[in-house]
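Asker: The following file, target15.txt, comprises compact mmCIF, C-alpha atoms and all ligand atoms:
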# COMPACT_ATOMS: atom_id res chain seq x y z
CA MET A 1 164.43 141.56 -121.65
CA SER A 2 164.57 138.50 -123.89
CA ILE A 3 162.17 137.28 -126.53
CA GLN A 4 162.66 133.90 -128.14
CA ILE A 5 160.70 132.21 -130.91
CA ARG A 6 160.73 128.43 -131.14
CA ALA A 7 159.48 126.69 -134.30
CA VAL A 8 157.54 123.57 -133.36
CA GLY A 9 155.60 122.61 -136.51
CA GLY A 10 154.67 124.05 -139.91
CA PHE A 11 158.05 125.63 -140.61
CA GLY A 12 159.34 124.44 -143.99
CA GLU A 13 156.22 122.33 -144.48
CA VAL A 14 152.47 122.69 -145.02
CA GLY A 15 150.59 121.48 -141.95
CA LYS A 16 150.86 120.80 -138.20
CA ASN A 17 151.32 124.48 -137.39
CA MET A 18 152.68 125.32 -133.96
CA ALA A 19 155.06 127.94 -132.57
CA ALA A 20 156.03 129.09 -129.08
CA ILE A 21 157.13 132.55 -127.97
CA ASN A 22 159.07 132.95 -124.71
CA ILE A 23 158.84 136.51 -123.40
CA ASP A 24 161.01 136.89 -120.32
CA GLY A 25 159.99 133.46 -119.02
CA GLU A 26 156.32 133.63 -120.02
CA VAL A 27 155.56 131.28 -122.90
CA ILE A 28 152.65 131.67 -125.34
CA ILE A 29 151.89 128.73 -127.65
CA LEU A 30 150.46 129.61 -131.06
CA ASP A 31 148.30 126.95 -132.79
CA MET A 32 148.28 123.17 -132.41
CA GLY A 33 147.50 121.78 -135.85
CA LEU A 34 147.28 118.46 -137.67
CA HIS A 35 149.39 117.44 -140.63
CA LEU A 36 146.39 116.36 -142.66
CA PRO A 37 148.01 114.03 -145.23
CA ASN A 38 149.95 112.18 -142.49
CA TYR A 39 146.93 112.16 -140.22
CA ILE A 40 144.61 110.76 -142.88
CA LYS A 41 147.16 108.21 -143.99
CA TYR A 42 147.45 107.05 -140.40
CA THR A 43 143.78 107.02 -139.49
CA GLU A 44 142.34 106.21 -142.92
CA GLU A 45 139.48 108.48 -142.05
CA ALA A 46 137.78 110.97 -144.35
CA LEU A 47 139.09 114.56 -144.29
CA GLY A 48 137.54 116.59 -141.52
CA GLU A 49 137.33 113.83 -138.95
CA ILE A 50 139.17 113.54 -135.65
CA VAL A 51 139.18 110.17 -133.91
CA LYS A 52 140.51 109.11 -130.51
CA LEU A 53 144.18 108.30 -130.94
CA LYS A 54 147.35 108.18 -128.89
CA THR A 55 149.45 111.34 -128.77
CA GLU A 56 152.81 109.54 -128.95
CA ASP A 57 151.70 107.54 -132.02
CA LEU A 58 150.49 110.66 -133.78
CA ILE A 59 153.81 112.40 -133.10
CA LYS A 60 155.70 109.36 -134.39
CA VAL A 61 153.90 109.37 -137.76
CA GLY A 62 154.22 113.16 -138.12
CA ALA A 63 150.47 113.75 -137.83
CA ILE A 64 150.84 116.33 -135.01
CA PRO A 65 153.70 118.65 -133.93
CA ASP A 66 156.45 117.09 -131.83
CA ASP A 67 156.05 119.24 -128.72
CA ARG A 68 158.66 117.28 -126.76
CA ILE A 69 161.02 120.04 -127.89
CA LEU A 70 159.15 122.38 -125.52
CA LYS A 71 160.22 120.31 -122.49
CA ASP A 72 162.40 123.10 -121.00
CA TRP A 73 159.56 125.64 -121.43
CA LYS A 74 156.74 123.33 -120.34
CA ASN A 75 156.08 124.89 -116.92
CA LYS A 76 156.24 128.43 -118.29
CA VAL A 77 153.34 128.12 -120.78
CA LYS A 78 150.73 130.76 -119.92
CA ALA A 79 148.27 130.30 -122.80
CA ILE A 80 147.56 128.32 -125.96
CA ILE A 81 146.28 130.70 -128.62
CA ILE A 82 144.58 129.31 -131.76
CA SER A 83 144.43 131.51 -134.88
CA HIS A 84 141.43 129.85 -136.60
CA GLY A 85 139.33 126.70 -136.91
CA HIS A 86 141.09 124.82 -139.73
CA LEU A 87 142.35 121.40 -138.65
CA ASP A 88 145.96 122.20 -139.54
CA HIS A 89 145.80 124.92 -136.84
CA VAL A 90 143.43 123.58 -134.16
CA GLY A 91 143.24 119.84 -134.86
CA ALA A 92 146.12 118.72 -132.60
CA THR A 93 144.76 120.61 -129.56
CA PRO A 94 142.85 117.54 -128.27
CA TYR A 95 146.15 115.58 -128.26
CA LEU A 96 148.61 118.19 -126.96
CA ALA A 97 146.86 120.78 -124.77
CA MET A 98 146.89 118.44 -121.73
CA HIS A 99 150.69 118.74 -121.63
CA TYR A 100 150.10 122.32 -120.41
CA PRO A 101 147.16 121.85 -118.02
CA GLU A 102 147.46 125.30 -116.41
CA ALA A 103 147.33 127.12 -119.77
CA PRO A 104 143.90 128.12 -121.09
CA VAL A 105 143.12 127.45 -124.77
CA ILE A 106 141.91 130.76 -126.22
CA SER A 107 140.53 131.59 -129.67
CA THR A 108 137.61 133.30 -131.38
CA GLU A 109 134.16 131.95 -130.54
CA TYR A 110 133.65 130.03 -133.77
CA THR A 111 136.97 128.18 -133.42
CA ILE A 112 136.23 127.36 -129.79
CA GLU A 113 132.73 126.10 -130.64
CA PHE A 114 134.24 123.77 -133.25
CA LEU A 115 136.95 122.61 -130.82
CA LYS A 116 134.42 121.93 -128.05
CA THR A 117 132.20 119.88 -130.40
CA THR A 118 135.21 117.85 -131.50
CA ILE A 119 136.33 117.14 -127.95
CA GLN A 120 132.78 116.19 -126.96
CA ASN A 121 132.20 113.93 -129.98
CA GLU A 122 135.46 112.10 -129.45
CA LYS A 123 134.97 111.86 -125.66
CA ILE A 124 138.32 113.50 -124.94
CA SER A 125 138.59 115.41 -121.68
CA LEU A 126 141.03 118.31 -121.46
CA PRO A 127 142.13 119.80 -118.13
CA ASN A 128 142.58 123.22 -119.75
CA LYS A 129 140.16 126.11 -119.51
CA ILE A 130 138.70 126.80 -122.96
CA ILE A 131 137.87 130.42 -123.67
CA GLY A 132 136.15 132.00 -126.68
CA VAL A 133 136.61 135.71 -127.48
CA LEU A 134 135.09 138.02 -130.08
CA PRO A 135 137.08 139.06 -133.17
CA ASN A 136 139.30 142.09 -132.35
CA ALA A 137 139.29 141.28 -128.63
CA ARG A 138 142.35 142.07 -126.49
CA ILE A 139 143.17 140.03 -123.40
CA ARG A 140 145.96 140.18 -120.86
CA ILE A 141 148.05 137.04 -120.33
CA GLY A 142 150.62 137.59 -117.57
CA LYS A 143 152.72 140.63 -118.47
CA ASN A 144 151.66 140.65 -122.13
CA GLU A 145 148.53 141.42 -124.09
CA ILE A 146 147.10 139.30 -126.90
CA GLU A 147 145.03 140.89 -129.68
CA PHE A 148 142.84 138.81 -132.04
CA ILE A 149 142.71 141.05 -135.14
CA ASN A 150 139.90 140.26 -137.59
CA ILE A 151 141.21 139.03 -140.94
CA THR A 152 139.67 137.33 -144.00
CA HIS A 153 140.45 133.70 -144.89
CA SER A 154 138.17 130.76 -145.79
CA ILE A 155 136.60 130.05 -142.41
CA PRO A 156 134.73 132.45 -140.10
CA GLN A 157 136.48 134.45 -137.37
CA THR A 158 140.07 133.96 -138.47
CA ALA A 159 142.47 136.12 -136.47
CA ILE A 160 145.89 137.63 -136.89
CA ILE A 161 147.40 137.22 -133.42
CA ALA A 162 149.38 140.19 -132.10
CA ILE A 163 151.35 139.71 -128.89
CA HIS A 164 151.99 143.10 -127.32
CA THR A 165 155.14 142.91 -125.17
CA LYS A 166 156.96 145.75 -123.41
CA LYS A 167 159.67 145.62 -126.03
CA GLY A 168 157.44 145.50 -129.11
CA ILE A 169 154.93 143.36 -130.95
CA ILE A 170 155.13 139.80 -132.32
CA ILE A 171 152.58 139.03 -135.04
CA TYR A 172 151.40 135.52 -135.88
CA GLY A 173 149.42 135.41 -139.13
CA PRO A 174 149.74 131.94 -140.62
CA ASP A 175 146.66 132.01 -142.90
CA TYR A 176 145.01 135.07 -144.39
CA LYS A 177 143.91 136.90 -147.51
CA LEU A 178 143.09 140.58 -147.92
CA ASP A 179 139.46 140.46 -149.09
CA ASN A 180 137.77 143.84 -149.30
CA GLU A 181 134.43 142.37 -150.39
CA PRO A 182 133.92 139.27 -148.25
CA THR A 183 130.52 137.61 -148.67
CA LEU A 184 130.35 136.80 -144.94
CA GLY A 185 131.93 138.66 -142.03
CA LYS A 186 133.88 141.90 -142.10
CA LYS A 187 136.83 142.94 -144.24
CA PRO A 188 140.30 142.92 -142.64
CA ASN A 189 140.78 145.27 -139.70
CA TYR A 190 143.32 147.47 -141.53
CA PRO A 191 143.40 150.24 -138.89
CA ALA A 192 144.43 147.68 -136.25
CA LEU A 193 147.17 146.28 -138.52
CA GLU A 194 148.47 149.78 -139.34
CA ASN A 195 148.42 150.60 -135.65
CA LEU A 196 150.77 147.66 -135.00
CA GLY A 197 153.13 149.00 -137.66
CA GLU A 198 153.18 152.40 -135.97
CA LYS A 199 153.78 150.97 -132.49
CA GLY A 200 156.69 148.79 -133.59
CA VAL A 201 156.65 145.18 -134.71
CA LEU A 202 159.64 143.01 -133.73
CA ALA A 203 158.72 140.08 -135.93
CA ILE A 204 155.97 138.56 -138.03
CA ILE A 205 155.46 134.83 -138.48
CA THR A 206 153.47 134.82 -141.67
CA ASP A 207 151.62 132.96 -144.45
CA SER A 208 153.88 132.11 -147.39
CA LEU A 209 151.84 129.31 -149.01
CA ASN A 210 151.17 131.12 -152.29
CA ALA A 211 154.44 133.07 -152.61
CA ASP A 212 154.59 131.87 -156.23
CA HIS A 213 151.18 133.39 -157.09
CA GLU A 214 151.47 136.76 -158.85
CA GLY A 215 149.12 139.64 -158.11
CA SER A 216 146.41 139.70 -155.47
CA THR A 217 144.05 136.86 -154.50
CA PRO A 218 140.53 137.60 -155.79
CA SER A 219 137.73 138.27 -153.32
CA GLU A 220 135.25 135.61 -152.20
CA SER A 221 132.72 137.69 -154.20
CA ARG A 222 134.49 136.37 -157.31
CA ALA A 223 133.81 132.79 -156.20
CA LYS A 224 130.16 133.79 -155.90
CA GLU A 225 130.17 135.03 -159.53
CA LEU A 226 131.85 131.83 -160.71
CA LEU A 227 129.22 129.72 -158.95
CA GLU A 228 126.40 131.85 -160.36
CA ASN A 229 127.81 131.38 -163.87
CA VAL A 230 127.92 127.62 -163.51
CA LEU A 231 124.65 127.15 -161.63
CA LEU A 232 122.44 129.82 -163.19
CA GLY A 233 124.08 130.11 -166.60
CA THR A 234 124.17 126.52 -167.85
CA PRO A 235 121.26 124.37 -169.15
CA ASN A 236 120.55 122.24 -166.10
CA LYS A 237 116.80 122.58 -165.35
CA ASP A 238 116.07 118.85 -165.53
CA LYS A 239 119.47 117.68 -164.28
CA ALA A 240 120.75 116.46 -160.94
CA ILE A 241 123.26 118.94 -159.53
CA ILE A 242 125.86 118.06 -156.91
CA VAL A 243 128.23 120.67 -155.48
CA THR A 244 131.18 119.84 -153.25
CA THR A 245 133.38 122.27 -151.31
CA PHE A 246 135.38 122.66 -148.08
CA SER A 247 133.11 121.81 -145.12
CA SER A 248 134.57 124.69 -143.10
CA HIS A 249 133.99 127.28 -145.85
CA ILE A 250 130.79 128.73 -144.39
CA ALA A 251 130.77 131.78 -146.72
CA ARG A 252 130.90 129.50 -149.76
CA LEU A 253 128.23 127.16 -148.37
CA LYS A 254 125.97 130.14 -147.74
CA THR A 255 126.44 131.35 -151.33
CA ILE A 256 125.67 127.88 -152.75
CA THR A 257 122.53 127.67 -150.61
CA GLU A 258 121.33 131.11 -151.73
CA ILE A 259 121.84 130.24 -155.41
CA GLY A 260 120.00 126.94 -154.84
CA LYS A 261 116.99 128.91 -153.55
CA LYS A 262 117.12 131.14 -156.65
CA MET A 263 116.96 127.97 -158.75
CA ASN A 264 113.88 126.86 -156.82
CA ARG A 265 115.69 123.79 -155.61
CA LYS A 266 115.64 122.38 -152.10
CA VAL A 267 119.18 122.45 -150.72
CA VAL A 268 120.39 119.31 -148.93
CA PHE A 269 123.78 118.95 -147.19
CA LEU A 270 125.13 115.41 -146.92
CA GLY A 271 128.07 114.49 -144.67
CA ARG A 272 129.27 114.63 -141.09
CA SER A 273 131.99 117.26 -141.37
CA LEU A 274 129.61 119.64 -143.18
CA ALA A 275 127.19 119.30 -140.28
CA LYS A 276 129.87 119.99 -137.68
CA TYR A 277 131.01 123.30 -139.18
CA VAL A 278 127.53 124.50 -140.19
CA ILE A 279 126.10 123.82 -136.72
CA ALA A 280 129.05 125.69 -135.13
CA ALA A 281 128.21 128.70 -137.36
CA LYS A 282 124.59 128.59 -136.20
CA ASN A 283 125.49 128.17 -132.52
CA THR A 284 127.79 131.20 -132.60
CA SER A 285 125.20 133.31 -134.49
CA ILE A 286 127.57 133.82 -137.44
CA THR A 287 124.98 132.69 -139.94
CA LYS A 288 122.14 130.25 -140.27
CA ILE A 289 122.34 128.20 -143.45
CA ASP A 290 118.91 127.34 -144.77
CA ALA A 291 119.50 123.74 -145.79
CA GLU A 292 118.53 120.30 -144.58
CA ILE A 293 121.59 118.55 -143.09
CA ILE A 294 121.96 114.76 -143.09
CA GLN A 295 125.01 113.35 -141.29
CA TYR A 296 125.06 109.58 -141.18
CA SER A 297 125.35 106.97 -143.89
CA GLN A 298 122.04 105.14 -143.40
CA LYS A 299 120.10 108.40 -143.36
CA ILE A 300 122.00 109.69 -146.40
CA ARG A 301 121.04 106.53 -148.28
CA LYS A 302 117.38 107.03 -147.33
CA LYS A 303 117.48 110.71 -148.29
CA LEU A 304 119.06 110.05 -151.68
CA LYS A 305 116.42 107.42 -152.46
CA GLU A 306 113.75 109.95 -151.52
CA ILE A 307 115.38 112.63 -153.69
CA GLU A 308 115.54 110.22 -156.64
CA LYS A 309 111.86 109.40 -156.23
CA LYS A 310 110.77 113.04 -156.03
CA GLY A 311 113.02 114.08 -158.93
CA MET A 312 116.73 114.92 -158.65
CA HIS A 313 116.14 118.21 -160.52
CA LYS A 314 114.12 119.53 -157.57
CA PHE A 315 117.18 119.43 -155.27
CA LEU A 316 120.64 120.91 -154.99
CA ILE A 317 122.90 118.39 -153.28
CA VAL A 318 125.93 119.69 -151.38
CA CYS A 319 128.25 116.98 -150.12
CA THR A 320 131.73 116.06 -148.90
CA GLY A 321 134.37 114.73 -151.28
CA HIS A 322 136.04 117.70 -153.03
CA GLN A 323 139.48 116.08 -152.65
CA GLY A 324 138.20 112.69 -153.83
CA GLU A 325 138.38 111.22 -150.30
CA PRO A 326 137.33 107.55 -150.71
CA LYS A 327 134.97 107.61 -147.70
CA SER A 328 133.26 110.86 -148.67
CA VAL A 329 129.65 111.07 -149.82
CA LEU A 330 130.58 112.00 -153.40
CA SER A 331 132.93 109.01 -153.75
CA LYS A 332 130.20 106.75 -152.39
CA ILE A 333 127.72 108.19 -154.92
CA ALA A 334 130.28 107.54 -157.69
CA ASN A 335 130.70 103.96 -156.42
CA ASN A 336 126.92 103.40 -156.36
CA PHE A 337 127.17 102.72 -152.62
CA TYR A 338 123.76 104.29 -151.93
CA GLY A 339 121.99 102.59 -154.84
CA VAL A 340 121.52 105.97 -156.55
CA THR A 341 123.57 106.78 -159.65
CA LEU A 342 123.95 109.86 -161.79
CA LYS A 343 122.38 110.02 -165.24
CA PRO A 344 124.20 111.23 -168.35
CA ASP A 345 124.53 115.04 -168.41
CA ASP A 346 123.97 115.51 -164.67
CA HIS A 347 126.24 118.19 -163.20
CA VAL A 348 128.99 117.79 -160.59
CA ILE A 349 130.66 121.01 -159.45
CA PHE A 350 133.95 121.12 -157.54
CA SER A 351 134.00 124.48 -155.70
CA SER A 352 137.54 123.84 -154.52
CA ASN A 353 141.11 123.45 -155.70
CA VAL A 354 142.98 120.15 -155.44
CA ILE A 355 145.37 120.37 -152.50
CA PRO A 356 148.62 119.52 -154.31
CA THR A 357 149.68 116.32 -152.57
CA LYS A 358 150.12 113.10 -154.55
CA ILE A 359 147.40 111.26 -152.67
CA ASN A 360 144.80 114.01 -153.21
CA GLN A 361 145.66 114.32 -156.89
CA GLU A 362 145.28 110.57 -157.42
CA GLN A 363 142.06 110.31 -155.44
CA ARG A 364 140.52 113.24 -157.33
CA ARG A 365 141.49 111.75 -160.68
CA THR A 366 139.90 108.41 -159.72
CA LEU A 367 136.70 110.12 -158.58
CA GLU A 368 136.43 112.28 -161.70
CA GLU A 369 136.95 109.24 -163.92
CA LYS A 370 134.14 107.37 -162.18
CA LEU A 371 131.79 110.36 -162.44
CA ALA A 372 132.67 110.85 -166.11
CA LYS A 373 131.92 107.16 -166.77
CA GLN A 374 128.38 107.77 -165.53
CA GLY A 375 128.16 110.57 -168.08
CA ALA A 376 128.29 113.48 -165.62
CA HIS A 377 129.41 116.95 -166.70
CA ILE A 378 132.21 117.93 -164.36
CA PHE A 379 132.99 121.56 -163.50
CA THR A 380 136.30 121.97 -161.65
CA GLY A 381 138.07 124.89 -159.97
CA VAL A 382 134.91 126.94 -159.29
CA HIS A 383 136.90 128.47 -156.48
CA VAL A 384 139.14 131.26 -155.22
CA SER A 385 141.87 130.74 -152.64
CA GLY A 386 141.70 131.76 -148.99
CA HIS A 387 145.42 132.58 -148.96
CA CYS A 388 147.25 135.77 -149.89
CA SER A 389 149.24 136.12 -153.13
CA LYS A 390 152.47 138.10 -153.66
CA GLU A 391 150.97 141.59 -153.75
CA ASP A 392 148.88 140.92 -150.62
CA MET A 393 151.99 139.70 -148.82
CA LYS A 394 153.82 142.90 -149.76
CA ALA A 395 150.87 145.02 -148.61
CA PHE A 396 150.77 143.16 -145.29
CA ILE A 397 154.50 143.70 -144.71
CA LYS A 398 154.22 147.40 -145.62
CA MET A 399 151.31 147.82 -143.23
CA THR A 400 152.95 146.11 -140.26
CA LYS A 401 156.57 147.26 -140.92
CA PRO A 402 158.21 144.35 -139.08
CA GLU A 403 161.89 144.34 -138.10
CA ASN A 404 162.07 140.60 -138.83
CA ILE A 405 160.05 138.30 -141.07
CA ILE A 406 159.69 134.54 -140.54
CA PRO A 407 157.72 132.60 -143.17
CA ILE A 408 155.51 129.65 -142.21
CA HIS A 409 153.17 127.30 -144.10
CA SER A 410 155.22 126.46 -147.23
CA GLU A 411 157.59 123.84 -148.65
CA PRO A 412 161.25 124.98 -148.96
CA GLN A 413 161.04 125.87 -152.67
CA ILE A 414 158.11 128.24 -152.09
CA THR A 415 159.67 129.58 -148.87
CA GLU A 416 162.64 130.73 -151.01
CA LYS A 417 160.23 132.63 -153.28
CA PHE A 418 158.78 134.34 -150.24
CA ILE A 419 162.27 135.32 -149.05
CA GLN A 420 162.94 136.77 -152.54
CA LEU A 421 159.80 138.89 -152.12
CA CYS A 422 161.12 140.13 -148.75
CA GLU A 423 164.44 141.00 -150.39
CA ASP A 424 162.55 143.03 -153.01
CA LEU A 425 161.24 145.05 -150.07
CA GLY A 426 164.75 145.62 -148.65
CA TYR A 427 165.00 142.73 -146.17
CA LYS A 428 168.04 140.45 -146.15
CA LYS A 429 167.93 136.67 -146.14
CA GLY A 430 169.37 135.26 -142.92
CA LYS A 431 169.55 138.70 -141.32
CA ASN A 432 165.94 139.86 -140.99
CA ALA A 433 164.15 137.53 -143.44
CA ILE A 434 164.67 134.31 -141.55
CA ILE A 435 163.85 130.74 -142.56
CA MET A 436 163.31 128.73 -139.40
CA LYS A 437 163.30 124.94 -139.16
CA ASN A 438 161.11 122.95 -136.79
CA SER A 439 162.76 122.67 -133.33
CA GLN A 440 164.94 125.75 -133.93
CA THR A 441 164.94 128.69 -131.46
CA ILE A 442 165.90 132.26 -132.28
CA ASP A 443 166.46 135.22 -130.04
CA ILE A 444 164.58 138.19 -131.44
CA PRO A 445 166.34 141.21 -129.92
CA GLN A 446 169.71 139.61 -130.67
CA ILE A 447 168.83 139.36 -134.34
CA ALA A 448 167.40 142.86 -134.40
CA ASN A 449 170.39 144.46 -132.68
CA GLU A 450 173.31 142.28 -133.68
CA PRO A 451 172.82 141.08 -137.24
CA LYS A 452 174.85 137.98 -138.03
ZN ZN B 501 143.45 128.08 -142.70
If you took the structure in this file and wrote it as C-alpha cells, what would it be?
Ligand SMILES: [Zn+2]

Answerer:
Amino acid sequence: MSIQIRAVGGFGEVGKNMAAINIDGEVIILDMGLHLPNYIKYTEEALGEIVKLKTEDLIKVGAIPDDRILKDWKNKVKAIIISHGHLDHVGATPYLAMHYPEAPVISTEYTIEFLKTTIQNEKISLPNKIIGVLPNARIRIGKNEIEFINITHSIPQTAIIAIHTKKGIIIYGPDYKLDNEPTLGKKPNYPALENLGEKGVLAIITDSLNADHEGSTPSESRAKELLENVLLGTPNKDKAIIVTTFSSHIARLKTITEIGKKMNRKVVFLGRSLAKYVIAAKNTSITKIDAEIIQYSQKIRKKLKEIEKKGMHKFLIVCTGHQGEPKSVLSKIANNFYGVTLKPDDHVIFSSNVIPTKINQEQRRTLEEKLAKQGAHIFTGVHVSGHCSKEDMKAFIKMTKPENIIPIHSEPQITEKFIQLCEDLGYKKGKNAIIMKNSQTIDIPQIANEPK
C-alpha cells in the first residue's frame, strides 16, 4: 500500500492552502484557498470579496494554488474536502473545483453555506456536487473514511480532517486553537483526537503560524472581557462608537452585539462581507445575530445620515475595515465619503490584529492617522488569536502521537521555530519533522519505515 502527500499551496507561505493525499490511487484534495494579499492586489477589491476572474490569471499572479502540478493525479481525485470557511482555505474552490468535476466538494454546513452564497453571487457554476456535513461527521470516500472533528478557531464549524486509511490515519489541521471556553460552539472534540492517537497516526499536516508565540492562546472568552472593558468601562455615553472586526468571526460579532444591547444602543452592521457571513450563520442555525445589517453603499450612506440625525450615541456601529482596506466602510467614514464625520472623542475600536503584511500595515497606519485627525479615540488590539501557540501545538502533537509532522501555514523563519518545537518533543528535522515545499511529493510509509 502506498500513501503520498503532495504539497500544492500554503507550504512555506501563509495563504492559498491546498494539499493532496494519494492513497493507493485514490486522491483526496484538502482545501482550495486564496492567497489574500496577492488576490487583493490583483483584484483591488476589499477583503472578503470574490469576483469573477480567470483561473489561469489567478494562478499566474499567485492568488490561488497552482494545481497544474496535480495533472498526473487529476483523474484519481475522489473528493475535495474543505477544513473551514476562511477565504485562504475555501476561496479558490470556485476557480479550481471544476478541474475535478467528478469529485464532490465536502465540508461542514456553515462552510458550504458560505461557498454556495459566493458561487451564486458571482454567477459561477460548478459541475461538482456540493455536500454539507455536521461537525464530527464521518463519511466514506472510496476505500477510506473522512472524519470532520470539531475544533475551535475564529469561524464556526472549523474541522480537523482525519483521513482513516487501512494503513493508518492522516490528519489535516491547518488552522486551530484549543479553546476550552468558546463563546460560541463547542470546545475541541478531545476524545476524538485522542482516539486518533491511539489508533495510529501516520502524519499530521498542521498549523504552525504562531510557532513563535510562547504559552497557550487565550480563550475567546478573554476577547469578550477585553471588549467589555473597552465598551462598558470607558466614559462613552454621549459618544459615537464604531467597532470593526473580522467579518467571519461570528462569535466575536455576537459578543459585540450583546454588549451593545447592554449599553442600550441599537446595533447596526455595515458592509457586504459582514452580511454574507452573518446570514450564513443564521441559515445554518448556528446563531442569529440581533442587529440591523446594511450591505450596499447607497443604503449605508442613508443609514449613517439617519443615525447622525437620531444621535450617534444611540447606536453601536459595527463595520468592515479592520485592516484599513481602502474600500471598506471604516475607510470611507474616515474619508468623509458618506458625508458623516466623527467628532472629537468618539471611539473607534479595532477588535482584530494587523495581519503582518506590508500593505496591511501601511493601510492601517493611514486609516488610524485619518481617524486620529478627526479627534477619535482609537483602541487597538482588542482581540485574541484564533491560532494555537507553542504549548497548544505541543498538546496537539502529544494527543495525536503522529509518526510524521509536516508544518503548513507559515513563512520559512517561523516554520523553523515549529521544527525546533518538534525536536523538543523528540522528532528529527528531515526524518519525521518534515518541511515540504509547494509541488513536492513525499511517500509516507517510506519515510516512516526507511528514514533518510
Ligand atoms: Zn482560518

Asker: What residues of the protein or nucleic acid chains come within 9 Å of ligand ZN 501 (chain B) when you use all atoms listed in the file? Reply as a ChimeraX atom specification.

Answerer: /A:83-89,153-155,158,174-176,386-387

Asker: Taking all atoms listed in the file into account, which of A:Lys303, A:Lys417, A:Arg272, A:Lys41 comes nearest Cys319 (chain A)?

Answerer: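 Selected residue with least distance to Cys319 (chain A): A:Arg272.
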
Asker: Using all atoms listed in the file, can you tell me which of A:Gly33, A:Gly233, A:Gly142, A:Pro65 comes closest to Val90 (chain A)?

Answerer: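 Looking only at the distances to Val90 (chain A), the closest residue turns out to be A:Gly33.
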
Asker: For a cutoff of 8 Å around the file-coordinate point (126.4, 115.8, -140.8), which residues qualify once you count all atoms listed in the file? I'd like the result as an NGL selection string.

Answerer: :A and (269-276 or 293-296)

Asker: Take the selection from the previous step and output its residues with C-alpha atoms, as a compact mmCIF listing (two decimals), in the frame of the given file.

Answerer:
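Done, and the output landed in part23.txt:
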# COMPACT_ATOMS: atom_id res chain seq x y z
CA PHE A 269 123.78 118.95 -147.19
CA LEU A 270 125.13 115.41 -146.92
CA GLY A 271 128.07 114.49 -144.67
CA ARG A 272 129.27 114.63 -141.09
CA SER A 273 131.99 117.26 -141.37
CA LEU A 274 129.61 119.64 -143.18
CA ALA A 275 127.19 119.30 -140.28
CA LYS A 276 129.87 119.99 -137.68
CA ILE A 293 121.59 118.55 -143.09
CA ILE A 294 121.96 114.76 -143.09
CA GLN A 295 125.01 113.35 -141.29
CA TYR A 296 125.06 109.58 -141.18

Asker: I'd like the contact shell of region 389-397 of chain A - 8 Å cut-off, all atoms listed in the file, skipping same-chain residues fewer than 6 positions apart - returned as a list in words.

Answerer: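 Answer for this query is Lys177, Leu178, Ser208, Asn210, Ala211, Asp212, His213, Glu214, Gly215, Ser216, Thr217, Leu421, Cys422 and Leu425 of chain A.
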
Asker: Residues of the last selection are to be written out with C-alpha atoms, as a PDB file, in the coordinates of the input.

Answerer:
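Written file, result.pdb:
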ATOM      1  CA  LYS A 177     143.910 136.900-147.510  1.00  0.00           C
ATOM      2  CA  LEU A 178     143.090 140.580-147.920  1.00  0.00           C
ATOM      3  CA  SER A 208     153.880 132.110-147.390  1.00  0.00           C
ATOM      4  CA  ASN A 210     151.170 131.120-152.290  1.00  0.00           C
ATOM      5  CA  ALA A 211     154.440 133.070-152.610  1.00  0.00           C
ATOM      6  CA  ASP A 212     154.590 131.870-156.230  1.00  0.00           C
ATOM      7  CA  HIS A 213     151.180 133.390-157.090  1.00  0.00           C
ATOM      8  CA  GLU A 214     151.470 136.760-158.850  1.00  0.00           C
ATOM      9  CA  GLY A 215     149.120 139.640-158.110  1.00  0.00           C
ATOM     10  CA  SER A 216     146.410 139.700-155.470  1.00  0.00           C
ATOM     11  CA  THR A 217     144.050 136.860-154.500  1.00  0.00           C
ATOM     12  CA  LEU A 421     159.800 138.890-152.120  1.00  0.00           C
ATOM     13  CA  CYS A 422     161.120 140.130-148.750  1.00  0.00           C
ATOM     14  CA  LEU A 425     161.240 145.050-150.070  1.00  0.00           C
TER      15      LEU A 425
END

Asker: Can you measure CA of Ser107 (chain A) to CA of Lys54 (chain A) for me? One decimal in Å is fine.

Answerer: 24.4 Å

Asker: Which residues are near Ile242 (chain A)? Cut-off 7 Å, all atoms listed in the file, ignore same chain within fewer than 2 positions. Put them as a list of chain:residue names.

Answerer: A:Ala240, A:Thr244, A:Leu316, A:Ile317, A:Val318, A:His347, A:Val348, A:Ile349

Asker: Work out how far apart CA of Ala79 (chain A) and CA of Ile28 (chain A) are and give it in Å to one decimal.

Answerer: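 Interatomic distance here is 5.2 Å.
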
Asker: Taking 5 positions as the minimum chain separation for residues in the same chain, which residues sit within 12 Å of Ile160 (chain A) when counting all atoms listed in the file? Answer as number ranges by chain.

Answerer: A: 30-31, 81-84, 107-108, 135-138, 146-153, 170-178, 188-190, 192-193, 196, 204-207, 396, 400

Asker: Every residue with an atom at most 8 Å from (163.9, 138.6, -120.2) (file coordinates; all atoms listed in the file) is what I'm after, so could you write them as number ranges by chain?

Answerer: A: 1-3, 23-25
